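Pasting input_30.txt here (compact mmCIF, C-alpha atoms):
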```txt
# COMPACT_ATOMS: atom_id res chain seq x y z
CA MET A 36 -30.78 -70.34 -67.20
CA ASP A 37 -29.78 -67.68 -69.70
CA LEU A 38 -31.23 -64.47 -68.29
CA GLY A 39 -31.31 -62.82 -71.71
CA ILE A 40 -29.43 -59.67 -70.71
CA LYS A 41 -25.99 -60.27 -72.23
CA GLY A 42 -24.72 -57.05 -73.75
CA LYS A 43 -27.05 -54.82 -71.71
CA ARG A 44 -25.62 -51.89 -69.76
CA ALA A 45 -26.11 -51.23 -66.07
CA ILE A 46 -25.42 -48.46 -63.59
CA VAL A 47 -24.84 -49.93 -60.14
CA CYS A 48 -24.73 -47.32 -57.39
CA ALA A 49 -22.55 -47.75 -54.28
CA SER A 50 -20.96 -50.86 -55.76
CA SER A 51 -17.31 -50.84 -54.70
CA ARG A 52 -18.12 -53.35 -51.95
CA GLY A 53 -20.95 -55.08 -50.11
CA LEU A 54 -24.36 -55.59 -51.64
CA GLY A 55 -23.77 -53.22 -54.55
CA ARG A 56 -20.63 -55.08 -55.57
CA ALA A 57 -22.48 -58.40 -55.32
CA CYS A 58 -25.14 -57.08 -57.72
CA ALA A 59 -22.50 -55.82 -60.14
CA GLU A 60 -20.71 -59.18 -60.10
CA SER A 61 -23.90 -61.14 -60.71
CA LEU A 62 -24.85 -58.87 -63.62
CA ALA A 63 -21.35 -59.05 -65.09
CA ARG A 64 -21.51 -62.86 -64.88
CA GLU A 65 -24.54 -62.61 -67.18
CA GLY A 66 -22.58 -60.51 -69.67
CA VAL A 67 -23.87 -57.10 -68.60
CA HIS A 68 -21.49 -54.15 -68.96
CA VAL A 69 -21.41 -52.27 -65.66
CA VAL A 70 -20.63 -48.79 -64.38
CA LEU A 71 -19.51 -48.93 -60.76
CA ASN A 72 -19.68 -46.24 -58.12
CA GLY A 73 -18.11 -45.62 -54.72
CA ARG A 74 -16.63 -42.89 -52.57
CA ASP A 75 -13.19 -44.44 -52.10
CA ALA A 76 -11.23 -44.37 -55.35
CA ALA A 77 -8.74 -47.06 -54.34
CA THR A 78 -11.44 -49.55 -53.32
CA LEU A 79 -13.42 -48.76 -56.45
CA GLU A 80 -10.42 -49.35 -58.70
CA LYS A 81 -9.74 -52.73 -57.06
CA THR A 82 -13.35 -53.78 -57.61
CA GLN A 83 -13.21 -52.57 -61.20
CA ALA A 84 -10.10 -54.65 -61.85
CA ALA A 85 -11.51 -57.73 -60.16
CA ILE A 86 -14.76 -57.69 -62.16
CA ALA A 87 -13.02 -56.84 -65.45
CA ASN A 88 -10.56 -59.72 -64.94
CA ALA A 89 -13.27 -62.21 -64.02
CA PHE A 90 -15.84 -61.44 -66.72
CA ALA A 91 -15.68 -60.43 -70.37
CA VAL A 92 -17.53 -57.14 -69.95
CA ASP A 93 -16.76 -53.44 -69.95
CA VAL A 94 -16.34 -52.01 -66.45
CA SER A 95 -16.33 -48.24 -65.91
CA VAL A 96 -16.30 -46.24 -62.69
CA ALA A 97 -17.59 -42.96 -61.29
CA VAL A 98 -16.02 -41.93 -58.00
CA GLY A 99 -18.13 -40.03 -55.48
CA ASP A 100 -21.11 -39.98 -53.17
CA ILE A 101 -24.33 -40.89 -55.00
CA GLY A 102 -26.06 -38.23 -52.93
CA GLU A 103 -24.13 -35.57 -54.85
CA GLU A 104 -25.49 -34.29 -58.17
CA SER A 105 -22.00 -34.31 -59.70
CA THR A 106 -21.63 -38.03 -58.96
CA ARG A 107 -25.02 -38.86 -60.45
CA GLN A 108 -24.10 -36.89 -63.56
CA ALA A 109 -20.77 -38.72 -63.82
CA LEU A 110 -22.62 -42.05 -63.79
CA LEU A 111 -24.95 -40.86 -66.54
CA ASP A 112 -22.02 -39.53 -68.56
CA ALA A 113 -20.39 -42.96 -68.31
CA CYS A 114 -23.62 -44.71 -69.31
CA PRO A 115 -26.06 -42.32 -71.04
CA GLU A 116 -28.55 -45.05 -72.01
CA PRO A 117 -28.60 -47.66 -69.25
CA ASP A 118 -30.82 -50.70 -69.59
CA ILE A 119 -30.51 -51.44 -65.88
CA LEU A 120 -30.29 -49.21 -62.82
CA ILE A 121 -29.44 -50.60 -59.40
CA ASN A 122 -30.04 -48.03 -56.68
CA ASN A 123 -28.05 -48.63 -53.53
CA ASN A 124 -26.50 -46.56 -50.77
CA GLY A 125 -25.30 -47.02 -47.23
CA GLY A 126 -27.96 -46.37 -44.63
CA PRO A 127 -27.75 -43.95 -41.70
CA PRO A 128 -26.51 -45.39 -38.42
CA PRO A 129 -28.94 -46.61 -35.79
CA GLY A 130 -29.80 -44.16 -33.08
CA ARG A 131 -32.45 -42.64 -30.85
CA PHE A 132 -35.46 -40.71 -32.13
CA GLN A 133 -34.97 -37.90 -29.61
CA ASP A 134 -31.45 -37.29 -30.94
CA TRP A 135 -32.35 -36.84 -34.61
CA ASP A 136 -32.67 -33.20 -35.58
CA ARG A 137 -33.78 -31.77 -38.91
CA ASP A 138 -30.30 -32.11 -40.40
CA ALA A 139 -30.25 -35.82 -39.59
CA TRP A 140 -33.61 -36.33 -41.27
CA ILE A 141 -32.62 -34.35 -44.36
CA ALA A 142 -29.37 -36.29 -44.69
CA ALA A 143 -31.24 -39.61 -44.51
CA LEU A 144 -33.78 -38.50 -47.10
CA ASP A 145 -31.08 -37.18 -49.43
CA ALA A 146 -29.09 -40.42 -49.29
CA ASN A 147 -31.79 -43.07 -49.23
CA MET A 148 -34.80 -41.53 -50.96
CA LEU A 149 -33.98 -38.51 -53.08
CA ALA A 150 -30.72 -39.78 -54.63
CA PRO A 151 -32.37 -42.93 -56.04
CA VAL A 152 -35.49 -40.99 -57.05
CA LEU A 153 -33.36 -38.57 -59.05
CA MET A 154 -31.44 -41.41 -60.70
CA ILE A 155 -34.73 -43.01 -61.73
CA ARG A 156 -35.98 -39.67 -63.06
CA SER A 157 -32.87 -39.39 -65.24
CA VAL A 158 -33.18 -42.81 -66.90
CA ILE A 159 -36.88 -43.72 -66.97
CA ASP A 160 -37.90 -41.92 -70.17
CA GLY A 161 -35.08 -43.50 -72.17
CA MET A 162 -35.98 -46.96 -70.89
CA VAL A 163 -39.61 -46.42 -71.90
CA GLU A 164 -38.61 -45.24 -75.38
CA ARG A 165 -36.32 -48.28 -75.88
CA ARG A 166 -38.97 -50.58 -74.40
CA PHE A 167 -36.63 -52.24 -71.97
CA GLY A 168 -35.69 -51.20 -68.46
CA ARG A 169 -34.98 -52.87 -65.16
CA ILE A 170 -34.73 -50.80 -61.98
CA VAL A 171 -33.94 -52.45 -58.66
CA ASN A 172 -33.80 -50.47 -55.43
CA ILE A 173 -31.92 -52.08 -52.56
CA THR A 174 -33.82 -50.98 -49.49
CA SER A 175 -34.15 -52.91 -46.20
CA ALA A 176 -36.27 -55.44 -44.35
CA MET A 177 -37.00 -52.52 -42.01
CA VAL A 178 -39.42 -51.20 -44.64
CA LYS A 179 -41.81 -53.98 -43.62
CA THR A 180 -40.72 -54.48 -40.03
CA PRO A 181 -39.67 -51.07 -38.65
CA LEU A 182 -37.52 -50.88 -35.56
CA ALA A 183 -37.15 -47.60 -33.67
CA PRO A 184 -33.31 -47.46 -33.72
CA MET A 185 -33.41 -47.71 -37.53
CA GLY A 186 -36.02 -44.97 -37.91
CA LEU A 187 -33.99 -42.73 -40.22
CA SER A 188 -33.36 -45.56 -42.65
CA THR A 189 -36.89 -46.95 -42.41
CA ALA A 190 -38.58 -43.63 -43.13
CA ALA A 191 -36.41 -42.71 -46.12
CA ARG A 192 -36.53 -46.15 -47.72
CA THR A 193 -40.28 -46.48 -47.21
CA GLY A 194 -40.77 -43.19 -49.04
CA LEU A 195 -38.71 -44.53 -51.94
CA THR A 196 -40.77 -47.73 -51.93
CA ALA A 197 -44.04 -45.81 -52.19
CA MET A 198 -42.80 -43.64 -55.05
CA ALA A 199 -41.43 -46.67 -56.91
CA LYS A 200 -44.69 -48.58 -56.55
CA ALA A 201 -46.69 -45.69 -57.97
CA LEU A 202 -44.32 -45.20 -60.90
CA SER A 203 -44.06 -48.91 -61.66
CA LYS A 204 -47.69 -49.04 -62.77
CA GLN A 205 -47.11 -46.29 -65.33
CA VAL A 206 -44.12 -47.85 -67.09
CA VAL A 207 -44.56 -51.62 -66.95
CA SER A 208 -46.52 -51.66 -70.22
CA SER A 209 -43.29 -50.45 -71.87
CA ASN A 210 -41.37 -53.44 -70.45
CA VAL A 211 -39.82 -51.29 -67.72
CA THR A 212 -39.98 -52.83 -64.26
CA ILE A 213 -39.23 -51.38 -60.84
CA ASN A 214 -38.71 -53.65 -57.85
CA GLN A 215 -37.12 -53.57 -54.41
CA LEU A 216 -34.80 -56.00 -52.64
CA LEU A 217 -35.20 -56.01 -48.86
CA PRO A 218 -32.09 -57.51 -47.23
CA GLU A 219 -31.87 -58.61 -43.61
CA ARG A 220 -28.66 -59.73 -41.92
CA ILE A 221 -26.49 -60.15 -45.02
CA ASP A 222 -22.83 -60.74 -44.14
CA THR A 223 -21.32 -57.40 -45.20
CA ASP A 224 -19.26 -54.62 -43.62
CA ARG A 225 -22.54 -53.07 -42.45
CA GLN A 226 -23.35 -56.17 -40.39
CA ARG A 227 -19.84 -56.26 -39.02
CA GLY A 228 -20.33 -52.68 -37.90
CA MET A 229 -23.62 -53.57 -36.26
CA ALA A 230 -21.94 -56.47 -34.47
CA GLN A 231 -19.25 -54.12 -33.23
CA LEU A 232 -21.88 -51.73 -31.87
CA ARG A 233 -23.59 -54.59 -30.07
CA ALA A 234 -20.26 -55.66 -28.60
CA ASP A 235 -19.32 -52.14 -27.54
CA PHE A 236 -22.61 -51.26 -25.89
CA GLY A 237 -23.87 -54.68 -24.83
CA GLY A 238 -20.84 -56.02 -23.05
CA VAL A 239 -20.50 -59.06 -25.31
CA SER A 240 -17.78 -60.29 -27.64
CA ILE A 241 -17.91 -59.90 -31.41
CA GLU A 242 -18.37 -63.66 -31.64
CA GLN A 243 -21.34 -63.53 -29.29
CA ALA A 244 -22.82 -60.63 -31.24
CA TYR A 245 -22.63 -62.66 -34.45
CA GLU A 246 -24.26 -65.65 -32.77
CA GLU A 247 -27.11 -63.40 -31.64
CA MET A 248 -27.52 -62.17 -35.21
CA LYS A 249 -27.63 -65.70 -36.56
CA ALA A 250 -30.14 -66.74 -33.92
CA SER A 251 -32.48 -63.95 -35.03
CA ILE A 252 -32.68 -65.46 -38.54
CA ALA A 253 -34.94 -68.44 -39.20
CA ALA A 254 -32.32 -69.99 -41.48
CA GLY A 255 -29.83 -69.92 -38.62
CA ARG A 256 -27.16 -68.07 -40.58
CA LEU A 257 -26.35 -64.74 -42.17
CA GLY A 258 -27.14 -64.26 -45.82
CA ARG A 259 -24.39 -64.28 -48.43
CA PRO A 260 -23.98 -61.19 -50.62
CA GLN A 261 -23.98 -63.35 -53.75
CA GLU A 262 -27.47 -64.58 -52.87
CA LEU A 263 -28.75 -61.02 -53.03
CA GLY A 264 -26.72 -60.32 -56.16
CA ASP A 265 -28.20 -63.30 -57.98
CA ALA A 266 -31.74 -62.30 -56.94
CA CYS A 267 -31.01 -58.86 -58.35
CA ALA A 268 -29.79 -60.33 -61.64
CA PHE A 269 -32.99 -62.33 -62.00
CA LEU A 270 -35.16 -59.27 -61.43
CA CYS A 271 -33.16 -57.64 -64.24
CA SER A 272 -33.66 -60.58 -66.59
CA ALA A 273 -35.77 -60.86 -69.73
CA GLN A 274 -37.84 -63.46 -67.90
CA ALA A 275 -38.82 -61.01 -65.13
CA GLY A 276 -40.82 -58.63 -67.31
CA PHE A 277 -44.07 -59.57 -65.55
CA ILE A 278 -42.70 -58.81 -62.08
CA SER A 279 -42.94 -55.16 -61.08
CA GLY A 280 -43.80 -53.05 -58.07
CA GLN A 281 -42.72 -55.87 -55.76
CA ASN A 282 -40.65 -56.10 -52.57
CA LEU A 283 -38.57 -59.26 -52.36
CA GLN A 284 -37.27 -60.05 -48.90
CA LEU A 285 -33.93 -61.77 -48.50
CA ASP A 286 -34.11 -62.60 -44.81
CA GLY A 287 -33.65 -66.33 -44.43
CA GLY A 288 -37.39 -66.83 -44.02
CA SER A 289 -37.59 -64.61 -40.95
CA TYR A 290 -40.46 -62.28 -41.85
CA ALA A 291 -43.48 -63.30 -39.77
CA GLY A 292 -46.21 -61.75 -41.90
CA LEU A 293 -48.14 -63.07 -44.88
CA LEU A 294 -47.73 -60.03 -47.17
```

Would you write the structure of this file as structure tokens?
Amino acid sequence: MDLGIKGKRAIVCASSRGLGRACAESLAREGVHVVLNGRDAATLEKTQAAIANAFAVDVSVAVGDIGEESTRQALLDACPEPDILINNNGGPPPGRFQDWDRDAWIAALDANMLAPVLMIRSVIDGMVERRFGRIVNITSAMVKTPLAPMGLSTAARTGLTAMAKALSKQVVSSNVTINQLLPERIDTDRQRGMAQLRADFGGVSIEQAYEEMKASIAAGRLGRPQELGDACAFLCSAQAGFISGQNLQLDGGSYAGLL
């Protein structure tokens, strides 16, 4: 299927590796020019080269933490009129509610709610004026199924979800959509880190930790980053103009609820 977005321009936040990179690759495969972002310049440059060599698109970069205003401005300088915005950022580590002070909460909100909100604020009016816009926020399955150790992430991402839902109703008539992807157990560095924590504190091997992760997923395996990337590309497609304000779970069929 031709997704009808060849030649469009996208900002993909936190995209030097993991889920953000997967989204950038899937968009580039469709002919979308991409601006990448990451905190490590060397990793970002390698990703830039890999995508530029694989696909006939322009690939620019903005080094820095998306939580910093200067980084967000650098992304907008590199792509002043984006057609597509993919909001992504690493989540705070798991922990214990009693240990999270005000600084911990503010850091989580800055990284996983306010940074994407401010990116949306910067691009939404232009998308409405041009009558095309696709915004995808990568959040977490924890938005629908909160777990106490992931409280910082859950709270911040749920706030973003609520804001995005409200805004989506105002802009969809201008062919601007806002949706969320809710990943669960995708095989990335984040999951490897979680497996290491389980091994360190649970007295099991890394291999056992991975088997436990797989067993928690109805599909019996971890998700592949490309699967999320391709779902993201579809939500950005011309065909997806009637899909907005939605939360698409990529969890191997594990969510137990109806809605």

For this session: For Ala87 of chain A, list every protein, DNA or RNA residue within 12 Å, evaluated using all atoms listed in the file, and leave out those in the same chain fewer than 2 positions away; present the list as a ChimeraX atom specification.
Result: /A:59-60,63-64,66-71,80-85,89-96

For this session: Compile the contact shell of Val47 of chain A as an MDAnalysis selection string: residues with an atom at most 9 Å away, counting all atoms listed in the file, same-chain residues fewer than 3 positions apart removed.
Result: chainID A and resid 50 55:56 58:59 69:72 110 119:123

For this session: Using all atoms listed in the file, determine which residues lie at most 12 Å from segment 274-278 of chain A, disregarding the query and same-chain residues fewer than 5 positions distant; provide the list as a ChimeraX atom specification.
Result: /A:36-40,166-171,200,203-204,206-215,266-269,283

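The gap separating atom CA of Leu217 of chain A from atom CA of Asn282 of chain A is 6.6 Å, in Å to one decimal.
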
Exercise. Nearest to Trp135 of chain A: which of A:Gly186, A:Gly102, A:Asn172, A:Val152 is it, counting all atoms listed in the file?
Worked result: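 Once distances to Trp135 of chain A are computed over all atoms listed in the file, the minimum belongs to A:Gly186.
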
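Minimum distance to Met248 of chain A across A:Gln231, A:Asn88, A:Gln281, A:Ser105 (counting all atoms listed in the file) occurs at A:Gln231.
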
For this session: Would you kindly return, as a PyMOL selection string, each protein, DNA or RNA residue with an atom no farther than 12 Å from any atom of Pro181 of chain A, considering only C-alpha atoms and excluding same-chain residues fewer than 3 positions away?
Result: chain A and resi 129+175-178+184-193+219+290

Exercise. In Å, with one decimal, what is the gap from atom CA of Leu216 of chain A to atom CA of Asp286 of chain A?
Worked result: 10.3 Å

Exercise. From the list A:Ala139, A:Met162, A:Ile101, A:Met154, which residue is nearest Pro117 of chain A when using only C-alpha atoms?
Worked result: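 Selected residue with least distance to Pro117 of chain A: A:Met162.
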
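The smallest atom-to-atom distance between Pro115 of chain A and any of A:Ile46, A:Leu144, A:Ile173, A:Ala273, using all atoms listed in the file, is found for A:Ile46.
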
Would you kindly place N, CA and C atoms on segment 224-243 of chain A and return the model as a PDB file, in the coordinates of the input?
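Once written, out-v8.pdb looks like this:
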```
ATOM      1  N   ASP A 224     -19.900 -55.537 -44.562  1.00  0.00           N
ATOM      2  CA  ASP A 224     -19.260 -54.620 -43.620  1.00  0.00           C
ATOM      3  C   ASP A 224     -20.290 -53.957 -42.711  1.00  0.00           C
ATOM      4  N   ARG A 225     -21.475 -53.685 -43.247  1.00  0.00           N
ATOM      5  CA  ARG A 225     -22.540 -53.070 -42.450  1.00  0.00           C
ATOM      6  C   ARG A 225     -22.891 -53.962 -41.255  1.00  0.00           C
ATOM      7  N   GLN A 226     -23.028 -55.254 -41.482  1.00  0.00           N
ATOM      8  CA  GLN A 226     -23.350 -56.170 -40.390  1.00  0.00           C
ATOM      9  C   GLN A 226     -22.200 -56.297 -39.404  1.00  0.00           C
ATOM     10  N   ARG A 227     -20.989 -56.228 -39.926  1.00  0.00           N
ATOM     11  CA  ARG A 227     -19.840 -56.260 -39.020  1.00  0.00           C
ATOM     12  C   ARG A 227     -19.833 -55.023 -38.126  1.00  0.00           C
ATOM     13  N   GLY A 228     -20.218 -53.893 -38.703  1.00  0.00           N
ATOM     14  CA  GLY A 228     -20.330 -52.680 -37.900  1.00  0.00           C
ATOM     15  C   GLY A 228     -21.411 -52.782 -36.848  1.00  0.00           C
ATOM     16  N   MET A 229     -22.544 -53.387 -37.218  1.00  0.00           N
ATOM     17  CA  MET A 229     -23.620 -53.570 -36.260  1.00  0.00           C
ATOM     18  C   MET A 229     -23.194 -54.516 -35.134  1.00  0.00           C
ATOM     19  N   ALA A 230     -22.442 -55.544 -35.490  1.00  0.00           N
ATOM     20  CA  ALA A 230     -21.940 -56.470 -34.470  1.00  0.00           C
ATOM     21  C   ALA A 230     -20.989 -55.769 -33.518  1.00  0.00           C
ATOM     22  N   GLN A 231     -20.180 -54.861 -34.073  1.00  0.00           N
ATOM     23  CA  GLN A 231     -19.250 -54.120 -33.230  1.00  0.00           C
ATOM     24  C   GLN A 231     -20.001 -53.212 -32.268  1.00  0.00           C
ATOM     25  N   LEU A 232     -21.070 -52.573 -32.745  1.00  0.00           N
ATOM     26  CA  LEU A 232     -21.880 -51.730 -31.870  1.00  0.00           C
ATOM     27  C   LEU A 232     -22.499 -52.555 -30.737  1.00  0.00           C
ATOM     28  N   ARG A 233     -23.002 -53.716 -31.089  1.00  0.00           N
ATOM     29  CA  ARG A 233     -23.590 -54.590 -30.070  1.00  0.00           C
ATOM     30  C   ARG A 233     -22.541 -54.998 -29.040  1.00  0.00           C
ATOM     31  N   ALA A 234     -21.337 -55.277 -29.514  1.00  0.00           N
ATOM     32  CA  ALA A 234     -20.260 -55.660 -28.600  1.00  0.00           C
ATOM     33  C   ALA A 234     -19.850 -54.491 -27.705  1.00  0.00           C
ATOM     34  N   ASP A 235     -19.765 -53.314 -28.288  1.00  0.00           N
ATOM     35  CA  ASP A 235     -19.320 -52.140 -27.540  1.00  0.00           C
ATOM     36  C   ASP A 235     -20.313 -51.734 -26.459  1.00  0.00           C
ATOM     37  N   PHE A 236     -21.592 -51.780 -26.815  1.00  0.00           N
ATOM     38  CA  PHE A 236     -22.610 -51.260 -25.890  1.00  0.00           C
ATOM     39  C   PHE A 236     -23.327 -52.352 -25.099  1.00  0.00           C
ATOM     40  N   GLY A 237     -23.154 -53.603 -25.507  1.00  0.00           N
ATOM     41  CA  GLY A 237     -23.870 -54.680 -24.830  1.00  0.00           C
ATOM     42  C   GLY A 237     -23.015 -55.543 -23.944  1.00  0.00           C
ATOM     43  N   GLY A 238     -21.728 -55.255 -23.912  1.00  0.00           N
ATOM     44  CA  GLY A 238     -20.840 -56.020 -23.050  1.00  0.00           C
ATOM     45  C   GLY A 238     -20.660 -57.465 -23.478  1.00  0.00           C
ATOM     46  N   VAL A 239     -20.719 -57.709 -24.803  1.00  0.00           N
ATOM     47  CA  VAL A 239     -20.500 -59.060 -25.310  1.00  0.00           C
ATOM     48  C   VAL A 239     -19.344 -59.035 -26.300  1.00  0.00           C
ATOM     49  N   SER A 240     -18.844 -60.198 -26.648  1.00  0.00           N
ATOM     50  CA  SER A 240     -17.780 -60.290 -27.640  1.00  0.00           C
ATOM     51  C   SER A 240     -18.361 -60.190 -29.044  1.00  0.00           C
ATOM     52  N   ILE A 241     -17.480 -59.926 -30.014  1.00  0.00           N
ATOM     53  CA  ILE A 241     -17.910 -59.900 -31.410  1.00  0.00           C
ATOM     54  C   ILE A 241     -18.510 -61.249 -31.788  1.00  0.00           C
ATOM     55  N   GLU A 242     -17.874 -62.323 -31.328  1.00  0.00           N
ATOM     56  CA  GLU A 242     -18.370 -63.660 -31.640  1.00  0.00           C
ATOM     57  C   GLU A 242     -19.779 -63.868 -31.100  1.00  0.00           C
ATOM     58  N   GLN A 243     -20.009 -63.411 -29.877  1.00  0.00           N
ATOM     59  CA  GLN A 243     -21.340 -63.530 -29.290  1.00  0.00           C
ATOM     60  C   GLN A 243     -22.363 -62.691 -30.060  1.00  0.00           C
TER      61      GLN A 243
END
```
